[in-house]
file work-v8.txt (compact mmCIF, C-alpha atoms and all ligand atoms)
# COMPACT_ATOMS: atom_id res chain seq x y z
CA MET A 1 1.55 2.68 145.82
CA TYR A 2 -1.29 1.98 143.36
CA GLU A 3 -1.25 2.00 139.58
CA LEU A 4 -4.55 1.16 137.91
CA ALA A 5 -4.66 0.79 134.13
CA SER A 6 -7.85 0.37 132.05
CA VAL A 7 -9.73 -1.15 134.97
CA THR A 8 -13.28 -2.27 134.26
CA LYS A 9 -15.64 -4.10 136.56
CA THR A 10 -18.88 -5.55 135.27
CA TYR A 11 -21.50 -7.19 137.47
CA GLN A 12 -24.19 -9.52 136.18
CA HIS A 13 -27.53 -8.71 137.71
CA GLN A 14 -30.81 -10.40 136.73
CA GLY A 15 -29.56 -11.14 133.24
CA ARG A 16 -28.22 -7.62 132.69
CA SER A 17 -24.65 -6.51 132.96
CA VAL A 18 -23.83 -3.40 134.98
CA ARG A 19 -20.54 -1.67 134.32
CA ALA A 20 -19.47 -0.31 137.72
CA LEU A 21 -15.96 0.74 136.61
CA ASP A 22 -15.35 1.83 133.05
CA GLY A 23 -11.71 2.14 132.02
CA VAL A 24 -10.17 3.60 135.17
CA ASP A 25 -6.56 4.81 134.97
CA LEU A 26 -5.29 6.04 138.31
CA THR A 27 -2.01 6.46 140.16
CA ILE A 28 -1.92 6.94 143.94
CA ARG A 29 1.46 7.68 145.47
CA PRO A 30 2.65 6.46 148.88
CA GLY A 31 1.62 8.79 151.69
CA GLU A 32 -1.13 10.56 149.76
CA MET A 33 -4.46 11.44 151.34
CA VAL A 34 -7.17 10.98 148.73
CA ALA A 35 -10.91 11.62 149.02
CA ILE A 36 -13.29 9.89 146.63
CA GLN A 37 -16.66 11.51 145.97
CA GLY A 38 -19.48 10.98 143.51
CA PRO A 39 -23.17 10.19 143.15
CA THR A 40 -24.77 7.07 144.53
CA GLY A 41 -24.15 4.11 142.24
CA GLY A 42 -21.21 5.90 140.62
CA GLY A 43 -18.70 3.18 141.52
CA LYS A 44 -17.06 4.40 144.74
CA SER A 45 -17.46 1.17 146.69
CA THR A 46 -16.43 -0.91 143.71
CA LEU A 47 -13.23 1.11 143.34
CA LEU A 48 -12.51 0.72 147.05
CA GLN A 49 -12.97 -3.05 146.71
CA MET A 50 -10.35 -3.13 143.96
CA LEU A 51 -7.92 -1.04 146.04
CA GLY A 52 -8.60 -3.22 149.07
CA ALA A 53 -7.85 -6.52 147.28
CA LEU A 54 -11.42 -7.57 148.13
CA ASP A 55 -12.30 -8.27 144.51
CA ARG A 56 -10.58 -8.47 141.14
CA PRO A 57 -11.39 -6.34 138.09
CA SER A 58 -13.13 -7.83 135.03
CA SER A 59 -10.24 -6.46 132.95
CA GLY A 60 -7.24 -4.20 133.40
CA SER A 61 -4.54 -4.21 136.06
CA VAL A 62 -4.33 -3.03 139.67
CA HIS A 63 -0.68 -2.79 140.65
CA PHE A 64 -0.08 -2.53 144.38
CA GLY A 65 3.59 -2.44 145.28
CA GLY A 66 5.08 -5.13 143.06
CA ASP A 67 1.90 -7.18 142.58
CA ASP A 68 -0.93 -7.04 140.06
CA LEU A 69 -3.94 -7.70 142.30
CA ALA A 70 -5.94 -8.71 139.20
CA ARG A 71 -3.76 -11.80 138.83
CA LEU A 72 -3.21 -13.00 142.37
CA SER A 73 -4.88 -16.04 143.92
CA GLY A 74 -7.53 -15.57 146.59
CA SER A 75 -5.11 -16.64 149.30
CA ARG A 76 -2.44 -14.12 148.22
CA LEU A 77 -5.09 -11.38 148.18
CA GLY A 78 -6.12 -12.46 151.68
CA ARG A 79 -2.54 -12.21 152.88
CA ILE A 80 -2.17 -8.70 151.44
CA ARG A 81 -5.41 -7.62 153.13
CA ALA A 82 -4.25 -9.07 156.44
CA THR A 83 -0.88 -7.36 156.43
CA GLU A 84 -0.90 -4.28 154.20
CA ILE A 85 -4.38 -2.81 154.15
CA GLY A 86 -6.55 -1.46 156.96
CA PHE A 87 -10.29 -0.95 156.51
CA VAL A 88 -12.71 1.35 158.30
CA PHE A 89 -16.43 1.25 157.52
CA GLN A 90 -19.41 3.49 158.16
CA ASN A 91 -21.03 0.91 160.44
CA PHE A 92 -17.88 0.25 162.50
CA ASN A 93 -18.31 -3.55 162.00
CA LEU A 94 -17.17 -4.45 165.50
CA ILE A 95 -17.96 -7.90 166.91
CA PRO A 96 -20.61 -7.18 169.59
CA THR A 97 -19.61 -10.00 171.96
CA LEU A 98 -15.94 -9.01 172.12
CA THR A 99 -14.43 -6.18 174.16
CA ALA A 100 -12.70 -3.26 172.48
CA ALA A 101 -9.29 -4.86 173.09
CA GLN A 102 -10.44 -8.24 171.79
CA ASN A 103 -11.88 -6.60 168.67
CA VAL A 104 -8.53 -4.94 167.98
CA GLU A 105 -6.67 -8.22 168.57
CA THR A 106 -8.69 -9.96 165.85
CA ALA A 107 -6.67 -8.00 163.28
CA LEU A 108 -3.48 -9.70 164.49
CA VAL A 109 -4.61 -13.33 164.66
CA VAL A 110 -3.46 -14.11 161.11
CA THR A 111 -0.04 -12.54 161.42
CA ASP A 112 0.97 -12.64 165.05
CA GLY A 113 1.20 -15.99 166.85
CA ASP A 114 2.16 -14.60 170.25
CA ARG A 115 -1.02 -14.08 172.30
CA ALA A 116 0.53 -11.88 174.96
CA GLY A 117 2.17 -9.78 172.25
CA ARG A 118 -1.19 -9.36 170.53
CA ALA A 119 -2.82 -8.17 173.72
CA GLU A 120 -0.04 -5.65 174.33
CA LYS A 121 -0.23 -4.27 170.78
CA ALA A 122 -4.02 -3.99 171.00
CA ARG A 123 -3.81 -1.99 174.24
CA GLN A 124 -1.21 0.31 172.69
CA ALA A 125 -3.38 0.83 169.58
CA LEU A 126 -6.34 1.73 171.79
CA ALA A 127 -4.15 4.15 173.75
CA ASP A 128 -3.11 5.75 170.43
CA VAL A 129 -6.77 6.54 169.68
CA GLY A 130 -7.41 7.82 173.21
CA LEU A 131 -9.31 4.78 174.48
CA ALA A 132 -6.90 3.20 176.94
CA GLU A 133 -9.55 3.41 179.66
CA ARG A 134 -12.20 1.64 177.58
CA ALA A 135 -10.24 -1.43 176.50
CA ASP A 136 -12.48 -3.83 178.42
CA HIS A 137 -15.80 -2.34 177.32
CA LEU A 138 -18.14 -4.04 174.88
CA PRO A 139 -19.15 -2.05 171.76
CA SER A 140 -22.65 -1.59 173.22
CA GLU A 141 -21.06 0.24 176.16
CA LEU A 142 -19.35 2.76 173.86
CA SER A 143 -20.63 5.80 171.94
CA GLY A 144 -20.65 5.77 168.13
CA GLY A 145 -17.52 7.91 168.01
CA GLN A 146 -15.76 5.61 170.47
CA GLN A 147 -16.78 2.56 168.44
CA GLN A 148 -15.28 4.16 165.35
CA ARG A 149 -12.08 4.82 167.32
CA VAL A 150 -11.92 1.11 168.18
CA ALA A 151 -12.42 0.29 164.50
CA ILE A 152 -9.57 2.65 163.59
CA ALA A 153 -7.33 1.03 166.22
CA ARG A 154 -8.24 -2.37 164.76
CA ALA A 155 -7.39 -1.16 161.25
CA LEU A 156 -4.04 0.33 162.28
CA VAL A 157 -2.74 -2.17 164.86
CA LYS A 158 -1.08 -4.28 162.17
CA ARG A 159 0.69 -1.18 160.83
CA PRO A 160 -0.69 -1.31 157.29
CA SER A 161 0.72 0.86 154.52
CA VAL A 162 -2.79 1.83 153.35
CA LEU A 163 -5.96 2.77 155.21
CA LEU A 164 -9.19 2.57 153.21
CA ALA A 165 -12.16 4.28 154.81
CA ASP A 166 -15.72 4.00 153.44
CA GLU A 167 -17.81 6.90 154.80
CA PRO A 168 -15.93 6.76 158.12
CA THR A 169 -18.01 9.55 159.65
CA GLY A 170 -21.32 8.71 157.95
CA ASN A 171 -23.03 7.57 161.16
CA LEU A 172 -21.66 10.26 163.47
CA ASP A 173 -22.87 13.68 164.54
CA GLU A 174 -20.92 16.78 163.58
CA ALA A 175 -18.71 16.98 166.66
CA MET A 176 -17.77 13.33 166.39
CA ARG A 177 -17.20 13.72 162.68
CA ASP A 178 -14.50 16.34 163.31
CA ASP A 179 -13.05 14.26 166.10
CA ILE A 180 -12.71 11.14 163.91
CA MET A 181 -11.42 13.10 160.94
CA GLY A 182 -8.81 14.75 163.18
CA LEU A 183 -7.76 11.35 164.44
CA LEU A 184 -7.41 9.97 160.91
CA GLU A 185 -5.36 13.02 159.89
CA ARG A 186 -3.05 12.62 162.89
CA GLN A 187 -2.48 8.93 162.18
CA TRP A 188 -1.90 9.73 158.53
CA GLY A 189 0.68 12.38 159.43
CA ASP A 190 2.38 10.36 162.16
CA VAL A 191 3.04 7.08 160.39
CA GLY A 192 3.17 8.02 156.71
CA LEU A 193 0.01 6.10 155.82
CA THR A 194 -1.64 6.28 152.44
CA LEU A 195 -5.21 7.30 153.36
CA ILE A 196 -8.02 6.78 150.85
CA MET A 197 -11.47 7.81 151.98
CA VAL A 198 -14.90 7.67 150.33
CA THR A 199 -17.12 10.44 151.61
CA HIS A 200 -20.33 12.22 150.63
CA ASP A 201 -19.25 15.11 152.83
CA SER A 202 -17.54 17.82 150.78
CA SER A 203 -16.18 19.63 153.83
CA LEU A 204 -14.32 16.47 154.83
CA ALA A 205 -13.19 15.79 151.29
CA ARG A 206 -11.66 19.26 151.08
CA ARG A 207 -9.33 18.34 153.93
CA ALA A 208 -7.66 15.76 151.67
CA GLN A 209 -4.68 16.62 149.48
CA ARG A 210 -6.41 15.26 146.46
CA ARG A 211 -10.05 14.75 145.51
CA LEU A 212 -11.38 12.32 142.94
CA ARG A 213 -14.90 12.08 141.59
CA ILE A 214 -16.30 8.86 140.24
CA ASP A 215 -19.47 8.85 138.16
CA HIS A 216 -20.72 6.13 135.81
CA GLY A 217 -17.54 4.22 136.61
CA ARG A 218 -15.20 6.97 135.38
CA VAL A 219 -12.73 8.83 137.56
CA THR A 220 -11.92 12.52 137.25
CA GLU A 221 -9.69 14.74 139.40
CA LEU A 222 -11.35 17.60 141.28
CA THR A 223 -9.27 20.65 141.94
N1 LIG A 301 -22.61 -7.14 143.59
C1 LIG A 301 -23.22 -6.41 142.67
N2 LIG A 301 -24.05 -6.96 141.77
C2 LIG A 301 -24.65 -6.23 140.81
N3 LIG A 301 -24.48 -4.89 140.67
C3 LIG A 301 -23.67 -4.28 141.55
C4 LIG A 301 -23.01 -4.99 142.59
N4 LIG A 301 -22.27 -4.10 143.31
C5 LIG A 301 -22.47 -2.90 142.74
N5 LIG A 301 -23.32 -3.00 141.69
C6 LIG A 301 -23.73 -1.90 140.79
O1 LIG A 301 -22.57 -1.24 140.34
C7 LIG A 301 -22.77 0.18 140.29
C8 LIG A 301 -21.72 0.86 141.18
O2 LIG A 301 -22.00 0.52 142.57
P1 LIG A 301 -21.12 1.03 143.80
O3 LIG A 301 -21.65 0.34 145.00
O4 LIG A 301 -19.69 0.86 143.49
O5 LIG A 301 -21.50 2.58 143.82
P2 LIG A 301 -21.24 3.67 144.97
O6 LIG A 301 -20.72 4.88 144.26
O7 LIG A 301 -20.42 3.10 146.04
O8 LIG A 301 -22.72 3.95 145.49
P3 LIG A 301 -23.23 4.37 146.98
O9 LIG A 301 -22.79 5.77 147.19
O10 LIG A 301 -24.72 4.25 146.85
O11 LIG A 301 -22.65 3.39 147.95
C9 LIG A 301 -24.20 0.41 140.72
O12 LIG A 301 -24.99 0.51 139.54
C10 LIG A 301 -24.55 -0.83 141.51
O13 LIG A 301 -25.94 -1.10 141.44
call {"tool": "encode", "arguments": {"input": "work-v8.txt", "output": "structure tokens", "more": "lines below"}}
Ligand SMILES: Nc1ncnc2c1ncn2[C@@H]1O[C@H](COP(=O)(O)OP(=O)(O)OP(=O)(O)O)[C@@H](O)[C@H]1O
result
Amino acid sequence: MYELASVTKTYQHQGRSVRALDGVDLTIRPGEMVAIQGPTGGGKSTLLQMLGALDRPSSGSVHFGGDDLARLSGSRLGRIRATEIGFVFQNFNLIPTLTAAQNVETALVVTDGDRAGRAEKARQALADVGLAERADHLPSELSGGQQQRVAIARALVKRPSVLLADEPTGNLDEAMRDDIMGLLERQWGDVGLTLIMVTHDSSLARRAQRRLRIDHGRVTELT
């Protein structure tokens, strides 16, 4: 699924350069569930941005399927994000003025011209996360856990091959945390997703098949 070779990422900040990734070599196979841990500033978000085709490395290659994401144009990267990669964030990132169903539909606008078809797929995706009854609610009318379920439905409605989750349970209480993690695990098992999740929470990370640690831009395997 992913093959990273000698990936570095350097940011310029106030005249200094910060090396966020420092020679990362990493292979992630299709269908794996991978947790990424590490100290703050270690490079977790930067790595996720590379995997998510949100940014290109300063050097090295990021092979995803047949493409080297380091060499693609911005529009090709955008297309890959729209079709192949789902994202879930700590802060849910729902549009507050749209209903749950409309939020989910936004993920299909680029790829799916048929409006009625989009609406149908959105309702099905919400049903898959147990929110069929809440499709017409605004985010402000939903609990945090429900909002994260909507965000997961939005990420999965386009049937991506990869789901990238950045602290998906970071804003939720313990009961909701288990609920959302269970949902992610079910989706992962049901549709053969590759699930890559950044988390500070070791008990969640231990539920993954594979754990990586990233510190000072270098990746190691945890066993
Ligand atoms: N846009 C940017 N400009 C300058 N420096 C950046 C930028 N983004 C990240 N950095 C720096 O790169 C390093 C890695 O940051 P990154 O956000 O990837 O770490 P992280 O492990 O996700 O941290 P956290 O757990 O706090 O989110 C840090 O030193 C950070 O300050």
call {"tool": "atom_distance", "arguments": {"input": "work-v8.txt", "atom1": "atom CA of A:His63", "atom2": "atom CA of A:Met50"}}
result
10.2 Å
call {"tool": "residues_near_ligand", "arguments": {"input": "work-v8.txt", "ligand": "ligand LIG 301 (chain A)", "cutoff": "10 Å", "atoms": "only C-alpha atoms and all ligand atoms", "output": "ChimeraX atom specification"}}
result
/A:9-14,16-21,36-49,166-167,198-200,213-217
call {"tool": "closest_residue", "arguments": {"input": "work-v8.txt", "among": "A:Asp22, A:Asp67, A:Asp114, A:Glu32", "to": "A:Trp188", "atoms": "all atoms listed in the file"}}
result
A:Glu32
call {"tool": "residues_around", "arguments": {"input": "work-v8.txt", "residues": "A:Phe89", "least_positions_apart": "5", "cutoff": "9 Å", "atoms": "all atoms listed in the file", "output": "PyMOL selection string"}}
result
chain A and resi 148+151+164-170
call {"tool": "write_last_selection", "arguments": {"input": "work-v8.txt", "atoms": "C-alpha atoms", "output": "short mmCIF file (atom, residue, chain, number, x, y, z; two decimals), in the coordinates of the input"}}
result
data_model
loop_
_atom_site.label_atom_id
_atom_site.label_comp_id
_atom_site.auth_asym_id
_atom_site.auth_seq_id
_atom_site.Cartn_x
_atom_site.Cartn_y
_atom_site.Cartn_z
CA GLN A 148 -15.28 4.16 165.35
CA ALA A 151 -12.42 0.29 164.50
CA LEU A 164 -9.19 2.57 153.21
CA ALA A 165 -12.16 4.28 154.81
CA ASP A 166 -15.72 4.00 153.44
CA GLU A 167 -17.81 6.90 154.80
CA PRO A 168 -15.93 6.76 158.12
CA THR A 169 -18.01 9.55 159.65
CA GLY A 170 -21.32 8.71 157.95
#
call {"tool": "residues_near_point", "arguments": {"input": "work-v8.txt", "point": "(-4.0, -2.9, 166.5)", "cutoff": "8 Å", "atoms": "all atoms listed in the file", "output": "list in words"}}
result
Val104, Glu105, Ala107, Leu108, Lys121, Ala122, Arg123, Gln124, Ala125, Leu126, Ala153, Arg154, Ala155, Leu156, Val157, Lys158 and Arg159 of chain A
call {"tool": "axis_aligned_box", "arguments": {"input": "work-v8.txt", "around": "stretch 169-181 of chain A", "padding_each_side": "6 Å", "output": "lines of an AutoDock Vina configuration file"}}
result
center_x = -17.2
center_y = 12.3
center_z = 162.3
size_x = 23.6
size_y = 21.4
size_z = 20.7
call {"tool": "atom_distance", "arguments": {"input": "work-v8.txt", "atom1": "atom CA of A:Ala70", "atom2": "atom CA of A:Val24"}}
result
13.6 Å
call {"tool": "atom_distance", "arguments": {"input": "work-v8.txt", "atom1": "atom CA of A:Arg29", "atom2": "atom CA of A:Leu51"}}
result
12.8 Å
call {"tool": "closest_residue", "arguments": {"input": "work-v8.txt", "among": "A:Arg76, A:Ile85, A:Asp25, A:Gly145", "to": "A:Ile196", "atoms": "all atoms listed in the file"}}
result
A:Ile85
call {"tool": "decode", "arguments": {"input": "work-v8.txt", "residues": "stretch 42-61 of chain A", "atoms": "N, CA and C atoms", "output": "PDB file, in the first residue's frame"}}
result
ATOM      1  N   GLY A  42       7.338  15.089  17.614  1.00  0.00           N
ATOM      2  CA  GLY A  42       8.179  14.011  17.088  1.00  0.00           C
ATOM      3  C   GLY A  42       8.062  13.802  15.591  1.00  0.00           C
ATOM      4  N   GLY A  43       6.932  14.252  15.006  1.00  0.00           N
ATOM      5  CA  GLY A  43       6.757  14.114  13.559  1.00  0.00           C
ATOM      6  C   GLY A  43       5.531  13.327  13.138  1.00  0.00           C
ATOM      7  N   LYS A  44       4.641  13.025  14.098  1.00  0.00           N
ATOM      8  CA  LYS A  44       3.472  12.194  13.774  1.00  0.00           C
ATOM      9  C   LYS A  44       2.581  12.848  12.721  1.00  0.00           C
ATOM     10  N   SER A  45       2.236  14.115  12.951  1.00  0.00           N
ATOM     11  CA  SER A  45       1.325  14.782  12.008  1.00  0.00           C
ATOM     12  C   SER A  45       1.985  14.948  10.641  1.00  0.00           C
ATOM     13  N   THR A  46       3.280  15.211  10.665  1.00  0.00           N
ATOM     14  CA  THR A  46       3.984  15.379   9.385  1.00  0.00           C
ATOM     15  C   THR A  46       3.957  14.071   8.599  1.00  0.00           C
ATOM     16  N   LEU A  47       4.179  12.961   9.297  1.00  0.00           N
ATOM     17  CA  LEU A  47       4.124  11.666   8.604  1.00  0.00           C
ATOM     18  C   LEU A  47       2.726  11.428   8.042  1.00  0.00           C
ATOM     19  N   LEU A  48       1.707  11.740   8.833  1.00  0.00           N
ATOM     20  CA  LEU A  48       0.332  11.537   8.361  1.00  0.00           C
ATOM     21  C   LEU A  48       0.045  12.398   7.123  1.00  0.00           C
ATOM     22  N   GLN A  49       0.608  13.599   7.094  1.00  0.00           N
ATOM     23  CA  GLN A  49       0.418  14.462   5.919  1.00  0.00           C
ATOM     24  C   GLN A  49       1.047  13.856   4.666  1.00  0.00           C
ATOM     25  N   MET A  50       2.182  13.206   4.834  1.00  0.00           N
ATOM     26  CA  MET A  50       2.813  12.536   3.683  1.00  0.00           C
ATOM     27  C   MET A  50       1.944  11.374   3.209  1.00  0.00           C
ATOM     28  N   LEU A  51       1.450  10.576   4.174  1.00  0.00           N
ATOM     29  CA  LEU A  51       0.631   9.408   3.825  1.00  0.00           C
ATOM     30  C   LEU A  51      -0.692   9.845   3.206  1.00  0.00           C
ATOM     31  N   GLY A  52      -1.168  11.013   3.623  1.00  0.00           N
ATOM     32  CA  GLY A  52      -2.460  11.509   3.153  1.00  0.00           C
ATOM     33  C   GLY A  52      -2.383  12.339   1.891  1.00  0.00           C
ATOM     34  N   ALA A  53      -1.231  12.406   1.255  1.00  0.00           N
ATOM     35  CA  ALA A  53      -1.055  13.192   0.022  1.00  0.00           C
ATOM     36  C   ALA A  53      -1.435  14.659   0.259  1.00  0.00           C
ATOM     37  N   LEU A  54      -1.251  15.114   1.498  1.00  0.00           N
ATOM     38  CA  LEU A  54      -1.544  16.523   1.822  1.00  0.00           C
ATOM     39  C   LEU A  54      -0.317  17.397   1.596  1.00  0.00           C
ATOM     40  N   ASP A  55       0.846  16.769   1.586  1.00  0.00           N
ATOM     41  CA  ASP A  55       2.085  17.527   1.402  1.00  0.00           C
ATOM     42  C   ASP A  55       3.103  16.572   0.776  1.00  0.00           C
ATOM     43  N   ARG A  56       4.148  17.147   0.208  1.00  0.00           N
ATOM     44  CA  ARG A  56       5.199  16.314  -0.390  1.00  0.00           C
ATOM     45  C   ARG A  56       6.443  16.365   0.490  1.00  0.00           C
ATOM     46  N   PRO A  57       7.253  15.294   0.466  1.00  0.00           N
ATOM     47  CA  PRO A  57       8.489  15.327   1.258  1.00  0.00           C
ATOM     48  C   PRO A  57       9.511  16.287   0.651  1.00  0.00           C
ATOM     49  N   SER A  58      10.496  16.696   1.456  1.00  0.00           N
ATOM     50  CA  SER A  58      11.605  17.512   0.929  1.00  0.00           C
ATOM     51  C   SER A  58      12.520  16.635   0.085  1.00  0.00           C
ATOM     52  N   SER A  59      12.700  15.377   0.489  1.00  0.00           N
ATOM     53  CA  SER A  59      13.421  14.420  -0.354  1.00  0.00           C
ATOM     54  C   SER A  59      12.933  13.019  -0.009  1.00  0.00           C
ATOM     55  N   GLY A  60      13.257  12.068  -0.901  1.00  0.00           N
ATOM     56  CA  GLY A  60      12.791  10.700  -0.715  1.00  0.00           C
ATOM     57  C   GLY A  60      11.521  10.438  -1.506  1.00  0.00           C
ATOM     58  N   SER A  61      11.019   9.217  -1.411  1.00  0.00           N
ATOM     59  CA  SER A  61       9.835   8.849  -2.189  1.00  0.00           C
ATOM     60  C   SER A  61       8.746   8.256  -1.294  1.00  0.00           C
TER      61      SER A  61
END
